>>> print(open('target.txt').read())   # compact mmCIF, C-alpha atoms
# COMPACT_ATOMS: atom_id res chain seq x y z
CA MET A 1 2.01 -5.42 35.27
CA HIS A 2 -0.22 -3.73 37.81
CA ARG A 3 2.82 -2.55 39.73
CA PHE A 4 3.46 -0.15 36.86
CA ALA A 5 -0.09 1.16 36.83
CA ASN A 6 1.15 3.87 39.12
CA PRO A 7 2.41 6.62 36.79
CA SER A 8 5.22 7.81 39.05
CA ARG A 9 6.57 4.28 39.44
CA PHE A 10 6.32 3.82 35.70
CA LEU A 11 8.13 7.11 35.14
CA ARG A 12 10.97 6.10 37.47
CA ALA A 13 11.44 2.76 35.65
CA ALA A 14 11.05 4.36 32.23
CA ASN A 15 13.57 7.10 32.96
CA ALA A 16 16.09 4.49 34.10
CA VAL A 17 15.62 2.42 30.94
CA LEU A 18 15.41 5.30 28.47
CA PRO A 19 19.11 6.22 28.02
CA TRP A 20 20.05 2.55 27.53
CA CYS A 21 17.32 2.11 24.93
CA ALA A 22 18.27 5.26 23.09
CA GLY A 23 21.97 4.35 23.10
CA LEU A 24 21.36 0.80 21.93
CA THR A 25 19.03 2.07 19.19
CA VAL A 26 21.77 4.28 17.79
CA LEU A 27 24.33 1.47 18.08
CA LEU A 28 22.17 -1.21 16.44
CA LEU A 29 20.89 1.07 13.68
CA ALA A 30 24.44 2.24 12.89
CA ALA A 31 25.79 -1.34 12.78
CA GLY A 32 22.72 -2.58 10.90
CA LEU A 33 22.93 0.21 8.32
CA TYR A 34 26.66 -0.40 7.80
CA PHE A 35 26.14 -4.11 7.14
CA ALA A 36 22.94 -3.53 5.18
CA LEU A 37 24.37 -0.91 2.84
CA LEU A 38 28.06 -1.87 2.62
CA GLY A 39 28.92 -5.09 4.44
CA SER A 40 26.46 -7.51 2.83
CA PRO A 41 26.56 -9.06 -0.65
CA PRO A 42 24.12 -7.94 -3.37
CA ASP A 43 21.47 -10.45 -4.37
CA TYR A 44 22.25 -12.66 -7.36
CA GLN A 45 18.91 -11.80 -8.98
CA GLN A 46 17.93 -8.44 -7.60
CA GLY A 47 21.37 -6.84 -7.40
CA GLU A 48 21.70 -3.83 -5.15
CA THR A 49 17.95 -3.20 -4.80
CA VAL A 50 17.80 -6.05 -2.29
CA ARG A 51 19.13 -3.57 0.27
CA ILE A 52 15.66 -2.02 0.44
CA MET A 53 14.73 -5.21 2.27
CA TYR A 54 16.73 -4.14 5.35
CA ILE A 55 14.27 -1.26 5.88
CA HIS A 56 11.15 -2.78 4.37
CA VAL A 57 11.03 -6.07 6.28
CA PRO A 58 11.78 -4.74 9.81
CA SER A 59 9.25 -1.93 9.38
CA ALA A 60 6.65 -4.47 8.25
CA TRP A 61 7.36 -6.60 11.34
CA MET A 62 7.11 -3.53 13.53
CA ALA A 63 3.85 -2.44 11.89
CA LEU A 64 2.29 -5.74 12.98
CA PHE A 65 4.07 -5.85 16.35
CA VAL A 66 3.03 -2.32 17.31
CA TYR A 67 -0.58 -3.06 16.38
CA GLY A 68 -0.40 -6.18 18.56
CA CYS A 69 0.97 -4.08 21.44
CA MET A 70 -1.72 -1.47 20.92
CA ALA A 71 -4.47 -4.09 20.91
CA ALA A 72 -3.03 -5.81 24.02
CA ALA A 73 -2.79 -2.46 25.82
CA SER A 74 -6.36 -1.59 24.76
CA ALA A 75 -7.60 -4.98 25.99
CA SER A 76 -5.95 -4.57 29.39
CA ALA A 77 -7.30 -1.02 29.61
CA LEU A 78 -10.85 -2.19 28.82
CA ILE A 79 -10.73 -5.25 31.09
CA TRP A 80 -8.76 -4.06 34.13
CA ARG A 81 -9.22 -0.28 33.69
CA HIS A 82 -5.44 -0.06 33.69
CA PRO A 83 -4.89 3.71 33.47
CA LEU A 84 -1.47 3.64 31.84
CA ALA A 85 -2.48 1.11 29.18
CA ASP A 86 -4.73 3.72 27.53
CA LEU A 87 -1.82 6.12 27.32
CA ILE A 88 0.47 3.40 25.95
CA ALA A 89 -2.06 2.41 23.25
CA LYS A 90 -2.62 6.04 22.28
CA SER A 91 1.13 6.74 22.16
CA ALA A 92 1.89 3.60 20.16
CA ALA A 93 -0.64 4.33 17.38
CA PRO A 94 1.22 7.12 15.53
CA ILE A 95 4.50 5.16 15.76
CA GLY A 96 2.82 2.10 14.26
CA ALA A 97 1.22 4.22 11.55
CA GLY A 98 4.69 5.58 10.78
CA PHE A 99 6.19 2.08 10.47
CA THR A 100 3.29 1.01 8.23
CA LEU A 101 3.80 4.04 6.01
CA ILE A 102 7.56 3.32 5.76
CA CYS A 103 6.75 -0.28 4.89
CA LEU A 104 4.30 0.75 2.16
CA LEU A 105 6.62 3.41 0.70
CA THR A 106 9.76 1.24 0.64
CA GLY A 107 7.69 -1.63 -0.74
CA SER A 108 6.50 0.67 -3.50
CA LEU A 109 10.07 1.78 -4.27
CA TRP A 110 11.15 -1.86 -4.32
CA GLY A 111 8.19 -2.97 -6.42
CA LYS A 112 8.92 -0.53 -9.24
CA PRO A 113 12.22 -2.11 -10.37
CA MET A 114 11.23 -5.70 -9.45
CA TRP A 115 7.59 -6.01 -10.52
CA GLY A 116 7.48 -3.04 -12.87
CA ALA A 117 4.74 -1.28 -10.91
CA TRP A 118 4.59 1.04 -7.90
CA TRP A 119 1.55 -0.70 -6.59
CA VAL A 120 -0.35 -3.91 -7.31
CA TRP A 121 -3.63 -4.88 -5.70
CA ASP A 122 -2.61 -8.20 -4.27
CA ALA A 123 -3.73 -9.58 -0.91
CA ARG A 124 -0.61 -8.69 1.09
CA LEU A 125 -0.47 -5.08 -0.09
CA THR A 126 -4.19 -4.55 0.31
CA SER A 127 -4.28 -5.97 3.83
CA VAL A 128 -1.32 -3.80 4.91
CA LEU A 129 -3.10 -0.77 3.44
CA VAL A 130 -6.15 -1.70 5.53
CA LEU A 131 -3.83 -1.87 8.56
CA PHE A 132 -2.67 1.68 7.80
CA PHE A 133 -6.29 2.86 7.55
CA LEU A 134 -7.04 1.15 10.87
CA TYR A 135 -4.19 3.08 12.50
CA LEU A 136 -5.56 6.33 11.05
CA GLY A 137 -9.08 5.48 12.21
CA TYR A 138 -7.77 4.74 15.71
CA ILE A 139 -5.90 8.05 15.88
CA ALA A 140 -8.94 9.95 14.61
CA LEU A 141 -11.28 8.21 17.07
CA VAL A 142 -9.05 8.66 20.11
CA ASN A 143 -8.97 12.42 19.50
CA ALA A 144 -12.62 12.81 18.52
CA PHE A 145 -14.18 13.22 21.96
CA ASP A 146 -14.14 16.10 24.40
CA ASP A 147 -13.83 13.61 27.24
CA PRO A 148 -10.49 11.80 26.76
CA VAL A 149 -11.70 8.69 28.63
CA ARG A 150 -14.46 8.14 26.05
CA GLY A 151 -11.91 8.43 23.28
CA TYR A 152 -9.74 5.75 24.91
CA ARG A 153 -12.67 3.35 25.36
CA ALA A 154 -14.07 3.78 21.86
CA ALA A 155 -10.66 3.57 20.19
CA GLY A 156 -9.76 0.54 22.32
CA ILE A 157 -12.80 -1.35 21.01
CA LEU A 158 -11.82 -0.40 17.45
CA ALA A 159 -8.26 -1.64 18.05
CA LEU A 160 -9.63 -5.01 19.21
CA VAL A 161 -11.97 -5.27 16.21
CA GLY A 162 -9.02 -4.57 13.91
CA VAL A 163 -7.07 -7.54 15.29
CA VAL A 164 -8.86 -9.77 12.74
CA ASN A 165 -6.67 -8.11 10.13
CA LEU A 166 -3.36 -9.31 11.67
CA PRO A 167 -3.64 -13.01 10.76
CA ILE A 168 -4.96 -11.99 7.33
CA ILE A 169 -1.78 -9.98 6.72
CA LYS A 170 0.50 -12.70 8.04
CA PHE A 171 -1.05 -15.53 6.03
CA SER A 172 -2.19 -13.58 2.96
CA VAL A 173 0.89 -14.75 1.06
CA ASP A 174 0.05 -18.39 1.80
CA TRP A 175 -3.71 -18.25 1.28
CA TRP A 176 -3.72 -16.39 -2.02
CA ASN A 177 -1.45 -16.56 -5.04
CA THR A 178 0.24 -13.22 -4.65
CA LEU A 179 3.07 -11.37 -6.32
CA HIS A 180 4.52 -10.76 -2.87
CA GLN A 181 6.91 -13.52 -1.86
CA PRO A 182 6.02 -15.83 1.06
CA ALA A 183 7.77 -15.72 4.43
CA SER A 184 11.48 -16.52 4.26
CA VAL A 185 12.69 -15.81 7.80
CA MET A 186 9.99 -16.98 10.22
CA ARG A 187 9.52 -20.53 8.97
CA LEU A 188 9.25 -23.82 10.77
CA ASP A 189 12.12 -25.34 8.79
CA GLY A 190 14.50 -22.47 9.56
CA PRO A 191 15.11 -19.27 7.63
CA ALA A 192 15.56 -19.59 3.88
CA ILE A 193 17.92 -16.67 3.71
CA HIS A 194 21.71 -16.65 3.76
CA PRO A 195 23.33 -15.69 7.11
CA ALA A 196 25.22 -12.86 5.39
CA MET A 197 21.85 -11.22 4.76
CA LEU A 198 20.07 -12.54 7.83
CA TRP A 199 22.38 -10.85 10.35
CA PRO A 200 22.08 -7.30 9.03
CA LEU A 201 18.31 -7.87 8.84
CA LEU A 202 18.14 -8.96 12.47
CA LEU A 203 20.37 -6.06 13.55
CA MET A 204 18.01 -3.63 11.81
CA ALA A 205 14.98 -5.36 13.33
CA GLY A 206 16.53 -4.99 16.81
CA GLY A 207 17.29 -1.35 16.09
CA PHE A 208 13.71 -0.71 14.95
CA MET A 209 12.35 -2.45 18.04
CA LEU A 210 14.46 -0.38 20.44
CA PHE A 211 13.60 2.76 18.48
CA PHE A 212 9.94 1.93 19.09
CA VAL A 213 10.53 1.43 22.83
CA THR A 214 12.48 4.69 23.07
CA VAL A 215 9.90 6.77 21.24
CA LEU A 216 7.07 5.04 23.12
CA ILE A 217 8.61 5.99 26.48
CA LEU A 218 9.08 9.58 25.32
CA ARG A 219 5.48 9.79 24.09
CA VAL A 220 3.98 8.17 27.19
CA ARG A 221 5.97 10.62 29.32
CA GLY A 222 4.49 13.43 27.27
CA GLU A 223 0.97 12.02 27.68
CA ILE A 224 1.39 11.74 31.47
CA ALA A 225 2.60 15.34 31.59
CA ALA A 226 -0.35 16.44 29.44
CA ALA A 227 -2.78 14.64 31.75
CA LYS A 228 -1.21 16.39 34.75
CA VAL A 229 -1.56 19.77 33.05
CA ARG A 230 -5.19 19.01 32.23
CA ASN A 231 -5.94 18.07 35.83
CA LEU A 232 -4.23 21.21 37.13
CA GLN A 233 -6.19 23.38 34.73
CA LEU A 234 -9.43 21.69 35.77
CA SER A 235 -8.72 22.22 39.47
CA LEU A 236 -7.75 25.84 38.80
CA ALA A 237 -10.94 26.41 36.84
CA ARG A 238 -12.97 24.96 39.69
CA GLY A 239 -11.14 27.34 42.04
CA MET B 1 -37.70 -4.00 19.48
CA LEU B 2 -37.39 -5.10 15.86
CA LEU B 3 -41.00 -4.13 15.19
CA ARG B 4 -40.56 -0.79 16.93
CA ASP B 5 -37.58 0.11 14.76
CA LEU B 6 -39.36 -1.04 11.63
CA ARG B 7 -42.41 1.05 12.55
CA LEU B 8 -40.22 4.08 13.19
CA ALA B 9 -38.47 3.62 9.86
CA PHE B 10 -41.75 3.32 7.96
CA ARG B 11 -43.31 6.32 9.69
CA GLN B 12 -40.33 8.40 8.64
CA GLY B 13 -40.68 6.83 5.20
CA MET B 14 -38.32 8.94 3.23
CA ASP B 15 -35.20 8.10 5.25
CA ALA B 16 -34.98 4.48 4.18
CA PHE B 17 -36.07 5.41 0.69
CA MET B 18 -33.24 7.92 0.37
CA ALA B 19 -30.48 5.34 0.63
CA VAL B 20 -31.98 3.41 -2.29
CA THR B 21 -32.49 6.59 -4.30
CA PHE B 22 -28.87 7.52 -3.69
CA PHE B 23 -27.84 4.02 -4.77
CA VAL B 24 -29.64 4.28 -8.11
CA ILE B 25 -28.78 7.91 -8.87
CA ALA B 26 -25.09 7.50 -8.04
CA GLY B 27 -25.05 4.38 -10.23
CA ALA B 28 -26.69 6.27 -13.07
CA LEU B 29 -23.86 8.82 -12.94
CA PHE B 30 -21.33 6.26 -14.14
CA PRO B 31 -22.62 5.85 -17.71
CA LEU B 32 -22.57 9.65 -17.94
CA GLY B 33 -19.05 9.85 -16.52
CA VAL B 34 -17.41 6.85 -18.21
CA GLY B 35 -19.36 7.10 -21.44
CA PRO B 36 -22.30 4.93 -22.54
CA GLU B 37 -20.22 2.29 -24.36
CA PRO B 38 -21.89 -1.06 -23.40
CA GLY B 39 -18.67 -3.09 -23.24
CA ALA B 40 -16.92 -0.72 -20.85
CA LEU B 41 -20.02 -0.47 -18.66
CA ALA B 42 -20.44 -4.24 -18.50
CA ARG B 43 -16.82 -4.54 -17.39
CA ILE B 44 -17.22 -2.19 -14.39
CA ALA B 45 -20.87 -2.94 -13.55
CA GLY B 46 -20.18 -5.37 -10.69
CA GLY B 47 -17.71 -3.04 -9.00
CA VAL B 48 -19.86 0.05 -9.41
CA ILE B 49 -22.94 -1.65 -7.96
CA TRP B 50 -20.98 -2.87 -4.94
CA VAL B 51 -19.23 0.43 -4.24
CA ASN B 52 -22.56 2.25 -4.44
CA ALA B 53 -24.17 -0.29 -2.12
CA LEU B 54 -21.30 0.28 0.36
CA LEU B 55 -21.74 4.05 0.26
CA ALA B 56 -25.53 3.82 0.49
CA VAL B 57 -25.26 1.66 3.62
CA LEU B 58 -22.68 4.04 5.04
CA LEU B 59 -25.00 7.01 4.54
CA SER B 60 -27.83 5.25 6.35
CA LEU B 61 -25.76 4.12 9.35
CA ASP B 62 -26.35 7.25 11.43
CA ARG B 63 -30.03 6.19 11.63
CA LEU B 64 -28.99 3.11 13.58
CA PHE B 65 -28.27 4.56 17.02
CA GLN B 66 -28.04 8.35 16.69
CA GLN B 67 -31.71 9.12 17.38
CA ASP B 68 -31.95 6.77 20.35
CA PHE B 69 -28.73 8.26 21.69
CA GLU B 70 -30.11 11.79 21.49
CA ASP B 71 -33.56 11.16 22.97
CA GLY B 72 -32.27 8.91 25.75
CA ALA B 73 -33.87 5.67 24.58
CA LEU B 74 -30.40 4.17 24.48
CA ASP B 75 -29.92 4.69 28.23
CA LEU B 76 -33.12 2.75 28.84
CA LEU B 77 -31.97 -0.02 26.51
CA VAL B 78 -28.70 -0.37 28.40
CA LEU B 79 -30.59 -0.55 31.70
CA SER B 80 -33.28 -2.94 30.46
CA PRO B 81 -33.12 -6.65 31.44
CA VAL B 82 -32.78 -7.68 27.77
CA PRO B 83 -29.07 -8.21 26.98
CA LEU B 84 -27.78 -5.26 25.01
CA GLU B 85 -26.27 -7.63 22.42
CA ILE B 86 -29.76 -8.92 21.57
CA ALA B 87 -31.04 -5.37 21.25
CA VAL B 88 -28.15 -4.57 18.92
CA ILE B 89 -29.00 -7.61 16.78
CA ALA B 90 -32.64 -6.49 16.62
CA LYS B 91 -31.72 -2.94 15.66
CA THR B 92 -29.23 -4.14 13.07
CA ALA B 93 -31.81 -6.52 11.61
CA ALA B 94 -34.26 -3.63 11.34
CA HIS B 95 -31.57 -1.56 9.65
CA TRP B 96 -30.88 -4.35 7.17
CA LEU B 97 -34.58 -4.83 6.41
CA THR B 98 -35.00 -1.12 5.68
CA THR B 99 -31.69 -0.59 3.85
CA GLY B 100 -30.07 -3.82 2.69
CA LEU B 101 -33.24 -5.46 1.40
CA PRO B 102 -34.33 -2.45 -0.72
CA LEU B 103 -30.76 -2.24 -2.05
CA ILE B 104 -30.92 -5.88 -3.13
CA ALA B 105 -34.29 -5.22 -4.76
CA ALA B 106 -32.92 -2.17 -6.58
CA SER B 107 -29.68 -3.79 -7.74
CA PRO B 108 -31.20 -5.49 -10.86
CA LEU B 109 -32.40 -2.06 -11.97
CA LEU B 110 -28.90 -0.67 -11.63
CA ALA B 111 -27.53 -3.77 -13.34
CA VAL B 112 -29.77 -3.07 -16.36
CA LEU B 113 -28.62 0.55 -16.46
CA LEU B 114 -25.00 -0.61 -16.37
CA ASN B 115 -25.50 -3.37 -18.91
CA LEU B 116 -24.41 -6.25 -16.65
CA PRO B 117 -24.33 -9.54 -18.64
CA ALA B 118 -27.34 -11.76 -17.90
CA SER B 119 -25.19 -14.50 -16.35
CA GLY B 120 -24.24 -12.10 -13.55
CA TYR B 121 -27.75 -11.43 -12.21
CA PRO B 122 -28.35 -14.48 -9.98
CA VAL B 123 -24.85 -14.27 -8.52
CA LEU B 124 -25.19 -10.53 -7.95
CA LEU B 125 -28.40 -11.09 -6.00
CA ALA B 126 -26.88 -13.96 -4.01
CA ALA B 127 -23.74 -11.97 -3.26
CA MET B 128 -25.77 -8.93 -2.17
CA ALA B 129 -27.97 -11.13 0.02
CA LEU B 130 -24.89 -12.56 1.76
CA GLY B 131 -22.92 -9.31 1.83
CA THR B 132 -25.35 -6.59 2.89
CA PRO B 133 -26.11 -8.12 6.33
CA SER B 134 -22.36 -8.04 7.00
CA LEU B 135 -22.33 -4.38 5.96
CA SER B 136 -25.11 -3.61 8.47
CA LEU B 137 -23.36 -5.57 11.24
CA ILE B 138 -19.92 -4.04 10.72
CA GLY B 139 -21.55 -0.65 10.30
CA ALA B 140 -23.23 -1.05 13.68
CA ILE B 141 -19.79 -1.15 15.32
CA GLY B 142 -18.76 2.05 13.59
CA ALA B 143 -22.06 3.78 14.33
CA ALA B 144 -21.84 2.83 18.01
CA LEU B 145 -18.19 3.89 18.33
CA SER B 146 -18.68 7.32 16.81
CA LEU B 147 -21.75 8.26 18.92
CA GLY B 148 -21.24 11.69 20.42
CA ALA B 149 -17.94 12.28 18.64
CA ARG B 150 -17.08 15.55 16.98
CA ARG B 151 -17.73 15.28 13.22
CA GLY B 152 -19.18 11.81 13.78
CA GLY B 153 -20.20 11.24 10.16
CA VAL B 154 -16.74 11.68 8.63
CA LEU B 155 -15.22 9.71 11.48
CA MET B 156 -17.66 6.86 10.93
CA SER B 157 -16.70 6.52 7.27
CA LEU B 158 -13.03 6.48 8.26
CA LEU B 159 -13.71 3.64 10.72
CA VAL B 160 -16.13 1.59 8.66
CA LEU B 161 -14.81 1.75 5.10
CA PRO B 162 -11.53 -0.13 5.77
CA LEU B 163 -13.55 -2.87 7.46
CA TYR B 164 -15.87 -3.04 4.43
CA ILE B 165 -13.00 -3.81 2.03
CA PRO B 166 -13.18 -7.64 2.35
CA VAL B 167 -16.92 -7.66 1.59
CA LEU B 168 -16.30 -5.45 -1.44
CA ILE B 169 -13.46 -7.63 -2.73
CA PHE B 170 -15.35 -10.91 -2.57
CA GLY B 171 -18.66 -9.40 -3.68
CA VAL B 172 -17.11 -7.98 -6.82
CA ALA B 173 -15.03 -11.11 -7.41
CA ALA B 174 -18.18 -13.25 -7.30
CA VAL B 175 -19.97 -11.11 -9.89
CA ASP B 176 -16.90 -10.94 -12.12
CA ALA B 177 -16.40 -14.69 -11.95
CA ALA B 178 -20.00 -15.28 -12.98
CA THR B 179 -19.87 -12.90 -15.95
CA MET B 180 -16.65 -14.51 -17.14
CA GLY B 181 -18.15 -17.98 -16.91
CA LEU B 182 -16.15 -19.14 -13.87
CA SER B 183 -17.54 -20.56 -10.67
CA ALA B 184 -18.64 -17.89 -8.19
CA ARG B 185 -18.97 -20.46 -5.41
CA PRO B 186 -15.66 -19.85 -3.59
CA HIS B 187 -16.28 -16.10 -3.44
CA LEU B 188 -19.83 -16.61 -2.21
CA MET B 189 -18.50 -18.95 0.46
CA PHE B 190 -16.05 -16.26 1.59
CA LEU B 191 -18.94 -13.80 1.84
CA GLY B 192 -20.81 -16.36 3.91
CA ALA B 193 -17.76 -16.82 6.12
CA ILE B 194 -17.52 -13.06 6.71
CA LEU B 195 -21.20 -13.00 7.65
CA ALA B 196 -20.77 -16.00 9.94
CA THR B 197 -17.89 -14.21 11.72
CA ALA B 198 -19.59 -10.84 11.91
CA LEU B 199 -22.91 -12.19 13.18
CA PRO B 200 -21.70 -13.22 16.66
CA LEU B 201 -18.76 -10.80 17.04
CA ALA B 202 -20.11 -7.49 15.72
CA PRO B 203 -23.03 -7.28 18.20
CA LEU B 204 -20.57 -7.92 21.06
CA ALA B 205 -18.29 -5.09 19.94
CA ALA B 206 -21.17 -2.74 19.16
CA ALA B 207 -22.80 -3.41 22.54
CA ALA B 208 -19.50 -2.70 24.33
CA ALA B 209 -19.23 0.54 22.36
CA LEU B 210 -22.81 1.53 23.25
CA ARG B 211 -22.21 0.88 26.95
CA GLN B 212 -19.25 3.22 27.05
CA ALA B 213 -21.16 5.79 24.98
CA VAL B 214 -23.98 6.16 27.52
CA GLU B 215 -21.78 5.88 30.60
>>> encode(input="target.txt", output="structure tokens")
Amino acid sequence: MHRFANPSRFLRAANAVLPWCAGLTVLLLAAGLYFALLGSPPDYQQGETVRIMYIHVPSAWMALFVYGCMAAASASALIWRHPLADLIAKSAAPIGAGFTLICLLTGSLWGKPMWGAWWVWDARLTSVLVLFFLYLGYIALVNAFDDPVRGYRAAGILALVGVVNLPIIKFSVDWWNTLHQPASVMRLDGPAIHPAMLWPLLLMAGGFMLFFVTVLILRVRGEIAAAKVRNLQLSLARG
Amino acid sequence: MLLRDLRLAFRQGMDAFMAVTFFVIAGALFPLGVGPEPGALARIAGGVIWVNALLAVLLSLDRLFQQDFEDGALDLLVLSPVPLEIAVIAKTAAHWLTTGLPLIAASPLLAVLLNLPASGYPVLLAAMALGTPSLSLIGAIGAALSLGARRGGVLMSLLVLPLYIPVLIFGVAAVDAATMGLSARPHLMFLGAILATALPLAPLAAAAALRQAVE
């Protein structure tokens, strides 16, 4: 990991990986969308609305995964003063907030026909909403200081504090009696979902994951460039 | 440390008093806004009292570290041989004694104004006693993180309010359960669990935040 602490080495690796990631994202999302919208059977109870799942579930996974990445990057930045980890955490936050928002919106669209309400205050929905607020708080905190390093440190601590929310989200459907259904893919006794629906779901999840990696690389590249510009301006100002 | 903060708070008198005044006045707005019908008020009393307690604590959080940060006392605290975590616990305890305790004392008054059923009173007091220390502890993290930030006050509410949601949920659930004749015990135990988690972890996080703030 420390090999990639050097920004130029990171950039070289990232630039090599980027076109592959971008290409695979397009490929997987196209295949996933085809199977999700056309090539998979409608649900026997929910009919065609089940297709919302192919967006809703992967974005929910990504919302948690990106927060995990952000917290891990923040931890390594706080512990080892890893300079790139700060940039990665900062770049990941808006992407994660986006996934969380997609998850909440599609869930709302799905809830209206199924539960008869746009929003219910059950444990799963509330904890995901808290996750969204945590993302917003992180983004606000990281940009709140004149000295960027202070923003990274403070926001990193907040990201670590927010980790307590992740297990609450994951297990909220088991701990409380909620309207939201319990896990049906990641279970010890194998997924309780038919392969005809599981495969499009996994394709979409892979597409979302690669989309995250692609956008993350682009954003980190932008952050490195911005840091370079800032340093140049500082050295110019000092004369 | 604890005594010093308490002395400071009492000398400034009004500051601690203001949070309680806010708590009562904001609570008194609800009968005017919702209408004075006793049944409707009794239904929302638990929630209103808790939300007001949350906001009152939030308003008082800037007292926690801001002054010490500005006059440099915080730098001395970080350098002193006493572990910073202990100092944070002492400051948070002082904050709770000057904010949380008066709020608990004032909550029966608000409960009368809002027509809370009599069966809710003991549970309300118990829930507040378990919940408000958590509010002070979690608030200490937010207060420490937003030191020196631009628009620190707004930022602090953005950071702290999401983390307050669990306390609010179980605090209100306990009061509601009691007024409806159900057992409030599980909700009170959840509040206790939150406090038991926040007590060791929040000072650690807040101390880390203070260290990077004075660096």
>>> atom_distance(input="target.txt", atom1="CA of Ala73 (chain B)", atom2="CA of Leu78 (chain A)")
24.7 Å
>>> closest_residue(input="target.txt", among="B:Ala53, B:Leu145, B:Leu130, B:Leu182", to="Ile25 (chain B)", atoms="only C-alpha atoms")
B:Ala53
>>> residues_around(input="target.txt", residues="region 107-115 of chain B", least_positions_apart="3", cutoff="12 Å", atoms="only C-alpha atoms", output="ChimeraX atom specification")
/B:20-32,34-53,56,100-104,118-129,132,175,179
>>> closest_atom_pairs(input="target.txt", of="chain B", to="chain A", cutoff="8 Å", atoms="all atoms listed in the file", output="tab-separated table")
residue	atom	partner	partner_atom	distance
B:Leu145	CA	A:Ala154	CA	5.4
B:Ser146	CA	A:Leu141	CA	7.5
B:Gly148	CA	A:Phe145	CA	7.4
B:Ala149	CA	A:Phe145	CA	5.1
B:Arg150	CA	A:Ala144	CA	5.5
B:Arg151	CA	A:Ala144	CA	7.8
B:Leu155	CA	A:Leu141	CA	7.0
B:Leu158	CA	A:Gly137	CA	5.7
B:Leu159	CA	A:Gly137	CA	5.2
B:Pro162	CA	A:Val130	CA	5.6
B:Leu163	CA	A:Val130	CA	7.7
B:Ile165	CA	A:Val130	CA	8.0
B:Ala205	CA	A:Ile157	CA	6.7
B:Ala208	CA	A:Ile157	CA	7.6
B:Ala209	CA	A:Ala154	CA	6.1
B:Gln212	CA	A:Arg153	CA	6.8
B:Ala213	CA	A:Arg150	CA	7.2
>>> residues_around(input="target.txt", residues="Gly192 (chain B)", least_positions_apart="3", cutoff="10 Å", atoms="all atoms listed in the file", output="ChimeraX atom specification")
/B:127,129-131,134,167,186-189,195-198
>>> residues_around(input="target.txt", residues="Phe211 (chain A)", least_positions_apart="3", cutoff="8 Å", atoms="only C-alpha atoms", output="PDB file with C-alpha atoms, in the frame of the given file")
ATOM      1  CA  CYS A  21      17.320   2.110  24.930  1.00  0.00           C
ATOM      2  CA  ALA A  22      18.270   5.260  23.090  1.00  0.00           C
ATOM      3  CA  THR A  25      19.030   2.070  19.190  1.00  0.00           C
ATOM      4  CA  GLY A 207      17.290  -1.350  16.090  1.00  0.00           C
ATOM      5  CA  PHE A 208      13.710  -0.710  14.950  1.00  0.00           C
ATOM      6  CA  THR A 214      12.480   4.690  23.070  1.00  0.00           C
ATOM      7  CA  VAL A 215       9.900   6.770  21.240  1.00  0.00           C
TER       8      VAL A 215
END
>>> residues_around(input="target.txt", residues="region 101-114 of chain A", least_positions_apart="4", cutoff="8 Å", atoms="all atoms listed in the file", output="NGL selection string")
:A and (46 or 49 or 52 or 55-57 or 59-60 or 63 or 97 or 118-119 or 125 or 128-129 or 132)
>>> write_last_selection(input="target.txt", atoms="C-alpha atoms", output="PDB file, in the coordinates of the input")
ATOM      1  CA  GLN A  46      17.930  -8.440  -7.600  1.00  0.00           C
ATOM      2  CA  THR A  49      17.950  -3.200  -4.800  1.00  0.00           C
ATOM      3  CA  ILE A  52      15.660  -2.020   0.440  1.00  0.00           C
ATOM      4  CA  ILE A  55      14.270  -1.260   5.880  1.00  0.00           C
ATOM      5  CA  HIS A  56      11.150  -2.780   4.370  1.00  0.00           C
ATOM      6  CA  VAL A  57      11.030  -6.070   6.280  1.00  0.00           C
ATOM      7  CA  SER A  59       9.250  -1.930   9.380  1.00  0.00           C
ATOM      8  CA  ALA A  60       6.650  -4.470   8.250  1.00  0.00           C
ATOM      9  CA  ALA A  63       3.850  -2.440  11.890  1.00  0.00           C
ATOM     10  CA  ALA A  97       1.220   4.220  11.550  1.00  0.00           C
ATOM     11  CA  TRP A 118       4.590   1.040  -7.900  1.00  0.00           C
ATOM     12  CA  TRP A 119       1.550  -0.700  -6.590  1.00  0.00           C
ATOM     13  CA  LEU A 125      -0.470  -5.080  -0.090  1.00  0.00           C
ATOM     14  CA  VAL A 128      -1.320  -3.800   4.910  1.00  0.00           C
ATOM     15  CA  LEU A 129      -3.100  -0.770   3.440  1.00  0.00           C
ATOM     16  CA  PHE A 132      -2.670   1.680   7.800  1.00  0.00           C
TER      17      PHE A 132
END
>>> atom_distance(input="target.txt", atom1="CA of Asp176 (chain B)", atom2="CA of Gly142 (chain B)")
28.9 Å
>>> residues_around(input="target.txt", residues="Ala31 (chain A)", least_positions_apart="6", cutoff="12 Å", atoms="all atoms listed in the file", output="ChimeraX atom specification")
/A:24-25,37-40,199-207
>>> closest_residue(input="target.txt", among="B:Leu147, B:Leu97, B:Leu161, B:Leu201", to="Phe69 (chain B)", atoms="all atoms listed in the file")
B:Leu147
>>> atom_distance(input="target.txt", atom1="CA of Met18 (chain B)", atom2="CA of Phe170 (chain B)")
26.1 Å
>>> closest_residue(input="target.txt", among="A:Leu216, A:Val229, A:Val50, A:Ala72", to="Ala92 (chain A)", atoms="all atoms listed in the file")
A:Leu216
>>> closest_residue(input="target.txt", among="A:Trp176, A:Tyr152, A:Phe171, A:Trp121", to="Ile139 (chain A)", atoms="all atoms listed in the file")
A:Tyr152
